[in-house]
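**Q** mmCIF, C-alpha atoms and all ligand atoms, file input_20.cif:
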data_final
loop_
_atom_site.label_atom_id
_atom_site.label_comp_id
_atom_site.auth_asym_id
_atom_site.auth_seq_id
_atom_site.Cartn_x
_atom_site.Cartn_y
_atom_site.Cartn_z
CA MET A 1 111.10 129.13 89.03
CA SER A 2 110.30 127.25 92.21
CA GLU A 3 111.18 123.77 93.26
CA PHE A 4 109.25 120.93 94.84
CA ARG A 5 111.20 119.04 97.44
CA GLU A 6 109.82 115.74 98.68
CA THR A 7 109.68 115.33 102.43
CA LEU A 8 109.31 111.56 102.71
CA TYR A 9 112.70 110.56 104.08
CA ALA A 10 115.05 112.02 106.66
CA GLY A 11 118.48 112.71 105.18
CA TYR A 12 117.64 112.07 101.52
CA ALA A 13 115.31 113.87 99.16
CA GLN A 14 114.36 114.39 95.56
CA ALA A 15 113.72 117.80 94.08
CA LEU A 16 111.70 118.58 90.95
CA SER A 17 111.58 121.94 89.26
CA VAL A 18 108.09 123.41 89.17
CA ASP A 19 108.16 124.61 85.59
CA GLU A 20 104.46 125.43 85.68
CA PRO A 21 102.42 125.49 88.88
CA ILE A 22 98.96 124.06 88.16
CA TYR A 23 97.15 123.50 91.41
CA GLN A 24 97.72 123.69 95.12
CA GLY A 25 95.13 123.10 97.83
CA ASN A 26 93.92 121.08 100.74
CA THR A 27 91.05 118.61 100.44
CA GLY A 28 90.46 118.55 104.19
CA GLN A 29 92.23 115.18 104.24
CA GLN A 30 95.40 115.83 102.29
CA GLU A 31 97.58 118.56 100.86
CA VAL A 32 97.48 118.34 97.06
CA GLN A 33 99.85 119.81 94.52
CA VAL A 34 99.87 119.44 90.73
CA PHE A 35 102.59 121.02 88.63
CA ARG A 36 104.46 120.48 85.40
CA ASN A 37 108.07 119.42 85.43
CA ARG A 38 110.13 119.58 82.25
CA ARG A 39 111.32 115.99 82.57
CA PHE A 40 108.37 114.15 84.09
CA GLY A 41 105.40 116.12 82.74
CA ARG A 42 102.54 116.68 85.14
CA VAL A 43 103.25 115.59 88.69
CA LEU A 44 100.77 114.89 91.51
CA THR A 45 101.91 115.13 95.12
CA LEU A 46 99.90 114.35 98.25
CA ASP A 47 101.14 115.54 101.63
CA GLY A 48 104.52 116.39 100.13
CA VAL A 49 105.10 112.98 98.49
CA VAL A 50 105.23 112.35 94.74
CA GLN A 51 102.34 110.03 93.89
CA THR A 52 102.54 109.90 90.14
CA THR A 53 104.00 111.63 87.09
CA GLU A 54 102.95 111.49 83.46
CA ALA A 55 106.35 110.21 82.38
CA ASP A 56 106.86 107.21 84.66
CA GLU A 57 103.37 106.19 85.81
CA PHE A 58 103.26 103.37 83.25
CA VAL A 59 105.78 101.31 85.20
CA TYR A 60 103.70 101.32 88.37
CA HIS A 61 100.24 101.00 86.87
CA GLU A 62 101.11 98.28 84.37
CA MET A 63 102.86 96.19 86.99
CA LEU A 64 100.28 96.56 89.75
CA ALA A 65 97.43 95.69 87.38
CA HIS A 66 98.72 93.25 84.75
CA VAL A 67 100.88 91.03 86.95
CA PRO A 68 97.99 89.74 89.09
CA ILE A 69 95.41 89.83 86.28
CA LEU A 70 97.54 87.75 83.90
CA ALA A 71 98.79 85.45 86.66
CA HIS A 72 95.19 84.64 87.56
CA GLY A 73 93.93 84.27 84.02
CA ALA A 74 90.19 84.57 84.63
CA VAL A 75 89.61 87.72 86.68
CA ARG A 76 86.01 88.87 86.46
CA ARG A 77 85.39 90.87 89.62
CA VAL A 78 87.91 93.41 90.89
CA LEU A 79 87.99 95.57 94.01
CA VAL A 80 90.27 98.59 93.88
CA ILE A 81 91.19 100.33 97.12
CA GLY A 82 92.44 103.85 96.36
CA VAL A 83 91.35 105.35 93.06
CA GLY A 84 93.30 108.61 93.19
CA ASP A 85 94.48 109.50 89.70
CA GLY A 86 92.63 106.59 88.08
CA GLY A 87 95.73 105.17 86.37
CA ILE A 88 95.14 101.74 87.83
CA LEU A 89 91.55 101.74 86.52
CA ARG A 90 92.82 102.61 83.05
CA GLU A 91 94.93 99.44 83.01
CA ILE A 92 92.17 97.25 84.53
CA VAL A 93 89.50 98.22 81.99
CA ARG A 94 91.81 97.17 79.15
CA HIS A 95 91.03 93.55 80.08
CA ALA A 96 87.91 92.55 78.18
CA GLY A 97 87.15 89.60 80.49
CA ILE A 98 86.68 91.84 83.53
CA GLU A 99 82.99 92.32 84.22
CA ASP A 100 82.72 94.22 87.49
CA ILE A 101 84.96 96.76 89.15
CA VAL A 102 84.25 98.26 92.56
CA ALA A 103 86.61 101.15 93.28
CA VAL A 104 86.75 102.62 96.78
CA GLU A 105 88.32 106.02 97.43
CA ILE A 106 88.53 107.98 100.66
CA ASP A 107 89.10 111.42 99.10
CA PRO A 108 86.60 112.42 96.37
CA GLN A 109 88.41 115.69 95.69
CA VAL A 110 91.58 113.93 94.58
CA VAL A 111 89.62 111.92 92.02
CA GLU A 112 87.90 115.00 90.61
CA LEU A 113 91.12 117.02 90.51
CA CYS A 114 92.96 114.24 88.70
CA ARG A 115 90.13 113.64 86.25
CA GLU A 116 90.57 117.25 85.21
CA LEU A 117 94.31 117.84 85.63
CA LEU A 118 95.75 114.40 84.81
CA PRO A 119 93.22 113.22 82.21
CA ASN A 120 95.62 110.76 80.57
CA HIS A 121 95.84 108.75 83.79
CA SER A 122 92.20 107.66 83.95
CA ALA A 123 91.77 108.08 80.17
CA GLY A 124 88.01 107.60 80.35
CA ALA A 125 88.12 104.62 82.73
CA LEU A 126 86.11 106.53 85.35
CA ASP A 127 83.16 106.43 82.95
CA ASP A 128 83.48 102.73 82.15
CA PRO A 129 80.07 101.02 82.54
CA ARG A 130 81.66 98.15 84.50
CA LEU A 131 82.84 100.55 87.24
CA ARG A 132 81.10 101.28 90.53
CA LEU A 133 82.86 104.14 92.32
CA VAL A 134 82.33 104.26 96.09
CA TYR A 135 83.56 107.06 98.32
CA ALA A 136 84.39 105.39 101.61
CA ASP A 137 87.21 104.29 103.87
CA GLY A 138 88.78 101.17 102.32
CA LEU A 139 88.97 99.13 105.51
CA GLU A 140 85.43 100.04 106.54
CA TYR A 141 84.13 99.14 103.10
CA LEU A 142 85.81 95.73 103.21
CA ALA A 143 84.63 95.00 106.73
CA GLN A 144 80.95 95.42 105.78
CA SER A 145 81.18 93.87 102.32
CA ARG A 146 79.80 90.39 101.64
CA GLU A 147 80.94 90.32 98.02
CA ARG A 148 83.59 88.02 96.56
CA PHE A 149 86.36 89.25 94.31
CA ASP A 150 88.94 87.57 92.10
CA LEU A 151 91.34 90.42 92.64
CA ILE A 152 91.84 93.18 95.21
CA LEU A 153 94.27 95.92 94.18
CA CYS A 154 95.44 98.38 96.76
CA ASP A 155 96.84 101.55 95.17
CA SER A 156 97.45 103.50 98.33
CA THR A 157 99.67 106.27 99.56
CA ASP A 158 102.34 105.41 102.13
CA PRO A 159 101.22 104.26 105.58
CA GLY A 160 101.73 107.69 107.22
CA GLY A 161 98.52 109.51 106.16
CA PRO A 162 94.92 108.51 105.37
CA ALA A 163 96.15 105.08 104.15
CA ALA A 164 97.48 103.92 107.56
CA SER A 165 94.66 101.41 108.05
CA LEU A 166 95.51 99.70 104.74
CA PHE A 167 98.73 98.26 106.16
CA THR A 168 97.17 96.54 109.19
CA ASP A 169 96.29 92.96 110.17
CA ALA A 170 92.62 93.90 110.03
CA PHE A 171 92.93 95.03 106.42
CA TYR A 172 94.69 91.88 105.23
CA ARG A 173 92.27 89.64 107.16
CA ASN A 174 89.31 91.35 105.55
CA CYS A 175 90.88 91.05 102.10
CA GLN A 176 91.47 87.35 102.65
CA GLN A 177 87.80 86.82 103.42
CA ARG A 178 86.63 88.63 100.31
CA LEU A 179 88.83 86.67 97.89
CA GLY A 180 87.75 83.53 96.06
CA ALA A 181 89.82 80.32 95.98
CA SER A 182 92.53 81.58 93.62
CA GLY A 183 91.87 85.26 94.27
CA ILE A 184 94.81 87.64 94.62
CA LEU A 185 95.58 90.71 96.69
CA ALA A 186 98.26 93.03 95.26
CA THR A 187 99.39 96.15 97.10
CA GLN A 188 101.75 99.11 96.94
CA ASN A 189 104.35 98.33 99.59
CA GLY A 190 106.93 101.09 99.49
CA VAL A 191 110.59 101.26 98.55
CA PRO A 192 112.30 98.62 100.71
CA PHE A 193 115.74 100.23 100.69
CA LEU A 194 114.35 103.36 102.34
CA GLN A 195 111.25 101.93 104.02
CA PRO A 196 112.69 98.66 105.34
CA GLU A 197 110.20 98.12 108.17
CA GLU A 198 107.35 98.18 105.71
CA LEU A 199 108.58 95.11 103.84
CA GLY A 200 109.18 92.97 106.93
CA GLY A 201 106.03 94.18 108.66
CA THR A 202 103.83 93.41 105.67
CA ALA A 203 105.46 89.99 105.24
CA ARG A 204 104.53 89.06 108.79
CA ARG A 205 100.96 90.31 108.40
CA LEU A 206 100.43 88.60 105.05
CA ALA A 207 101.83 85.35 106.43
CA ASP A 208 99.32 85.54 109.29
CA SER A 209 96.31 85.84 106.97
CA PHE A 210 97.12 84.03 103.73
CA ALA A 211 98.15 80.55 102.62
CA ASP A 212 100.46 82.04 100.01
CA TRP A 213 102.18 85.42 99.90
CA GLY A 214 105.22 87.14 98.46
CA PHE A 215 106.44 90.32 96.80
CA PHE A 216 107.36 91.48 93.35
CA HIS A 217 109.18 94.66 92.47
CA ALA A 218 109.83 97.32 89.85
CA ALA A 219 111.90 100.49 89.77
CA VAL A 220 109.71 103.57 89.35
CA PRO A 221 112.06 106.54 88.86
CA THR A 222 110.16 109.07 90.98
CA TYR A 223 109.72 106.63 93.86
CA ILE A 224 113.36 107.23 94.62
CA GLY A 225 115.66 104.84 96.40
CA GLY A 226 115.59 101.72 94.25
CA SER A 227 112.84 99.24 93.48
CA MET A 228 109.34 99.59 94.79
CA ALA A 229 107.89 96.44 96.34
CA PHE A 230 104.38 95.20 95.63
CA GLY A 231 102.76 92.89 98.12
CA TRP A 232 101.14 89.71 96.85
CA ALA A 233 98.82 87.38 98.73
CA SER A 234 96.46 84.62 97.80
CA ASN A 235 94.64 81.64 99.20
CA SER A 236 96.34 79.54 96.52
CA GLU A 237 100.04 79.31 95.67
CA LYS A 238 99.22 78.24 92.13
CA VAL A 239 98.65 81.76 90.80
CA ARG A 240 102.03 83.12 91.94
CA ARG A 241 103.70 80.27 90.08
CA THR A 242 101.96 80.67 86.72
CA ASP A 243 104.53 79.55 84.15
CA LEU A 244 106.05 81.69 81.43
CA GLU A 245 104.35 79.91 78.54
CA THR A 246 100.94 80.48 80.10
CA LEU A 247 101.72 84.13 80.76
CA ARG A 248 102.84 84.56 77.16
CA GLN A 249 99.64 83.01 75.83
CA ARG A 250 97.44 85.13 78.08
CA PHE A 251 99.34 88.29 77.25
CA THR A 252 99.05 87.68 73.50
CA LYS A 253 95.37 86.86 73.83
CA SER A 254 94.73 90.02 75.87
CA GLY A 255 95.92 92.20 72.98
CA LEU A 256 97.53 94.55 75.51
CA VAL A 257 100.10 97.01 74.24
CA THR A 258 102.44 97.84 77.11
CA ARG A 259 105.52 99.93 77.73
CA TYR A 260 106.90 98.09 80.76
CA TYR A 261 105.09 94.81 81.27
CA THR A 262 106.25 91.73 79.43
CA PRO A 263 105.66 88.12 80.56
CA GLU A 264 109.43 87.83 81.13
CA VAL A 265 109.51 90.95 83.30
CA HIS A 266 106.49 89.57 85.17
CA GLN A 267 108.34 86.40 86.12
CA ALA A 268 111.59 88.16 86.91
CA ALA A 269 109.84 90.66 89.18
CA PHE A 270 109.29 87.93 91.77
CA ALA A 271 113.04 87.29 92.11
CA LEU A 272 114.08 89.37 95.10
CA PRO A 273 117.59 90.63 95.88
CA ARG A 274 119.21 89.32 99.06
CA TYR A 275 118.66 92.52 101.09
CA MET A 276 114.91 92.28 100.51
CA LEU A 277 114.83 88.60 101.45
CA ASP A 278 116.72 89.47 104.63
CA LEU A 279 114.25 92.23 105.50
CA ILE A 280 111.39 89.78 105.02
CA GLU A 281 113.11 87.17 107.16
CA ALA A 282 113.73 89.74 109.90
CA GLY A 283 110.10 90.85 109.77
CA LEU A 284 108.82 87.30 110.13
CA GLN A 285 111.01 86.73 113.18
CA ARG A 286 110.35 90.06 114.84
CA ASP A 287 107.07 89.16 116.50
CA ALA A 288 107.18 85.40 116.13
N1 LIG B 301 100.62 105.48 95.02
C1 LIG B 301 101.86 105.08 95.62
C2 LIG B 301 102.85 106.19 95.82
C3 LIG B 301 103.91 105.77 96.75
C4 LIG B 301 104.99 106.76 96.90
N2 LIG B 301 105.83 106.25 97.91
C5 LIG B 301 107.15 106.21 97.90
N3 LIG B 301 107.83 106.82 96.97
N4 LIG B 301 107.70 105.56 98.83
C6 LIG B 301 100.71 105.88 93.68
C7 LIG B 301 99.42 106.28 93.10
C8 LIG B 301 99.45 106.03 91.65
N5 LIG B 301 98.16 105.78 91.13
#
As structure tokens, please, write out the structure in this file.
Ligand code: AG3
**A**
Amino acid sequence: MSEFRETLYAGYAQALSVDEPIYQGNTGQQEVQVFRNRRFGRVLTLDGVVQTTEADEFVYHEMLAHVPILAHGAVRRVLVIGVGDGGILREIVRHAGIEDIVAVEIDPQVVELCRELLPNHSAGALDDPRLRLVYADGLEYLAQSRERFDLILCDSTDPGGPAASLFTDAFYRNCQQRLGASGILATQNGVPFLQPEELGGTARRLADSFADWGFFHAAVPTYIGGSMAFGWASNSEKVRRTDLETLRQRFTKSGLVTRYYTPEVHQAAFALPRYMLDLIEAGLQRDA
């Protein structure tokens, strides 16, 4: 039996037994591996980094999708940057009020592989009539778009590979211009304990482009090293401060059945531990 060893961090790694190898290949843009692990089920890795597993994907996908959607309360038009396994689309299409979804993906082969090998992630969402799937570079798509969205969700890989441009000033500026008055941008922003520069760097960039910004967090077991941070930005501070009673009403009305998300978890996720606040502070001062 072989073992998959993640290569994301110097000096610290996670290893998963490959109990059944399923796929290994190169899309021309990324190295892809799919295998089954006895504890986490099917696992997808890109360029040696665990992207998602059947067992713990619910934490990430529920939080990245439902927190902004329920905080906003009237999301109709969504732009997704990074389709990948389609897990984020599965959670988005569960909201009946959403009318239009544009999903932009740079690597068509990853989508097709996941549709086949991780079918429970997209769970039919790729065939939803509200979805328009576009194969393009996320930043380039945004730069030429004239559409307005209520929500932009960025489900990217880490900044090292094809996703590098999704962590830049240009990306956040373009997102800001495509969002309506109370529109929200929510992004994958790494594990702050192990990727500390990412938190401070994003804070500074979001602060440059948006009237309101912040982070929320959740611990996803296979994104080792503690909580993962999600970036949050909006042209209005109102949506980040949506009160608990309102969240409860919206959640009940949505009919969602979740395994991680609750309105209480939603609110608590915005409370950051001191070390994260310090990283943000340091990032804001770095280039001030
Ligand atoms: N994309 C984010 C994976 C990030 C892994 N990074 C890390 N552990 N620092 C997940 C794709 C799920 N649809």
**Q** Residues of chain A that approach ligand LIG 301 (chain B) to 10 Å or less, counting all atoms listed in the file: could you list each one with the shortest pair of atoms and its distance in Å to one decimal, rows by chain and increasing residue number, as a Markdown table?
**A**
| residue | atom | partner | partner_atom | distance |
| --- | --- | --- | --- | --- |
| A:Glu6 | CA | B:LIG301 | N3 | 9.3 |
| A:Leu8 | CA | B:LIG301 | N4 | 7.3 |
| A:Tyr9 | CA | B:LIG301 | N4 | 8.8 |
| A:Leu44 | CA | B:LIG301 | C7 | 8.9 |
| A:Thr45 | CA | B:LIG301 | C2 | 9.0 |
| A:Leu46 | CA | B:LIG301 | C2 | 9.0 |
| A:Val49 | CA | B:LIG301 | C4 | 6.4 |
| A:Val50 | CA | B:LIG301 | C4 | 6.0 |
| A:Gln51 | CA | B:LIG301 | C2 | 4.3 |
| A:Thr52 | CA | B:LIG301 | C8 | 5.2 |
| A:Thr53 | CA | B:LIG301 | C8 | 8.5 |
| A:Glu57 | CA | B:LIG301 | C8 | 7.0 |
| A:Phe58 | CA | B:LIG301 | C8 | 9.6 |
| A:Tyr60 | CA | B:LIG301 | C8 | 7.1 |
| A:His61 | CA | B:LIG301 | N5 | 6.7 |
| A:Leu64 | CA | B:LIG301 | N5 | 9.6 |
| A:Gly82 | CA | B:LIG301 | N5 | 8.0 |
| A:Val83 | CA | B:LIG301 | N5 | 7.1 |
| A:Gly84 | CA | B:LIG301 | N5 | 6.0 |
| A:Asp85 | CA | B:LIG301 | N5 | 5.4 |
| A:Gly86 | CA | B:LIG301 | N5 | 6.4 |
| A:Gly87 | CA | B:LIG301 | N5 | 5.4 |
| A:Ile88 | CA | B:LIG301 | N5 | 6.0 |
| A:Leu89 | CA | B:LIG301 | N5 | 9.0 |
| A:His121 | CA | B:LIG301 | N5 | 8.3 |
| A:Ser122 | CA | B:LIG301 | N5 | 9.5 |
| A:Cys154 | CA | B:LIG301 | N1 | 9.0 |
| A:Asp155 | CA | B:LIG301 | N1 | 5.5 |
| A:Ser156 | CA | B:LIG301 | N1 | 5.0 |
| A:Thr157 | CA | B:LIG301 | C1 | 4.7 |
| A:Asp158 | CA | B:LIG301 | N2 | 5.5 |
| A:Pro159 | CA | B:LIG301 | N2 | 9.2 |
| A:Thr187 | CA | B:LIG301 | C1 | 9.4 |
| A:Gln188 | CA | B:LIG301 | C1 | 6.1 |
| A:Asn189 | CA | B:LIG301 | C3 | 8.0 |
| A:Gly190 | CA | B:LIG301 | N4 | 4.6 |
| A:Val191 | CA | B:LIG301 | N4 | 5.2 |
| A:Pro192 | CA | B:LIG301 | N4 | 8.5 |
| A:Phe193 | CA | B:LIG301 | N4 | 9.8 |
| A:Leu194 | CA | B:LIG301 | N4 | 7.8 |
| A:Gln195 | CA | B:LIG301 | N4 | 7.3 |
| A:Val220 | CA | B:LIG301 | N3 | 8.5 |
| A:Pro221 | CA | B:LIG301 | N3 | 9.2 |
| A:Thr222 | CA | B:LIG301 | N3 | 6.8 |
| A:Tyr223 | CA | B:LIG301 | N3 | 3.6 |
| A:Ile224 | CA | B:LIG301 | N3 | 6.0 |
| A:Gly225 | CA | B:LIG301 | N3 | 8.1 |
| A:Gly226 | CA | B:LIG301 | N3 | 9.7 |
| A:Ser227 | CA | B:LIG301 | N3 | 9.7 |
| A:Met228 | CA | B:LIG301 | N4 | 7.4 |
| A:Ala229 | CA | B:LIG301 | N4 | 9.5 |
**Q** I'd like the interatomic distance between CA of Arg132 in chain A and CA of Ser236 in chain A, to a tenth of an Å.
**A**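 These two atoms are separated by 27.2 Å.
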**Q** Between CA of Leu139 in chain A and CA of Leu166 in chain A, what is the distance in Å, rounded to a tenth?
**A**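 Answer for the CA of Leu139 in chain A to CA of Leu166 in chain A separation: 6.6 Å.
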**Q** Write out as a list in words the residues lying within 9 Å of Val93 in chain A, counting all atoms listed in the file and excluding same-chain residues fewer than 6 positions away.
**A**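 My list of contacting residues is Ile101, Ala125, Asp128, Arg130 and Leu131 of chain A.
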**Q** For a cutoff of 12 Å around the file-coordinate point (96.5, 100.8, 109.4), which residues qualify once you count only C-alpha atoms? I'd like the result as a list in words.
**A**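 These residues have at least one counted atom within 12 Å: Asp137, Gly138, Leu139, Glu140, Ser156, Thr157, Asp158, Pro159, Gly160, Gly161, Pro162, Ala163, Ala164, Ser165, Leu166, Phe167, Thr168, Asp169, Ala170, Phe171, Tyr172, Glu198, Gly201, Thr202 and Arg205 of chain A.
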**Q** Given the point (106.9, 111.3, 81.1) in the file's coordinates, find the residues that have an atom at most 6 Å from it, counting all atoms listed in the file, and give them as a PyMOL selection string.
**A** chain A and resi 40-41+54-56
**Q** Calculate how many Å separate CA of Ala211 in chain A from CA of Ala181 in chain A, rounding to one decimal.
**A** 10.7 Å
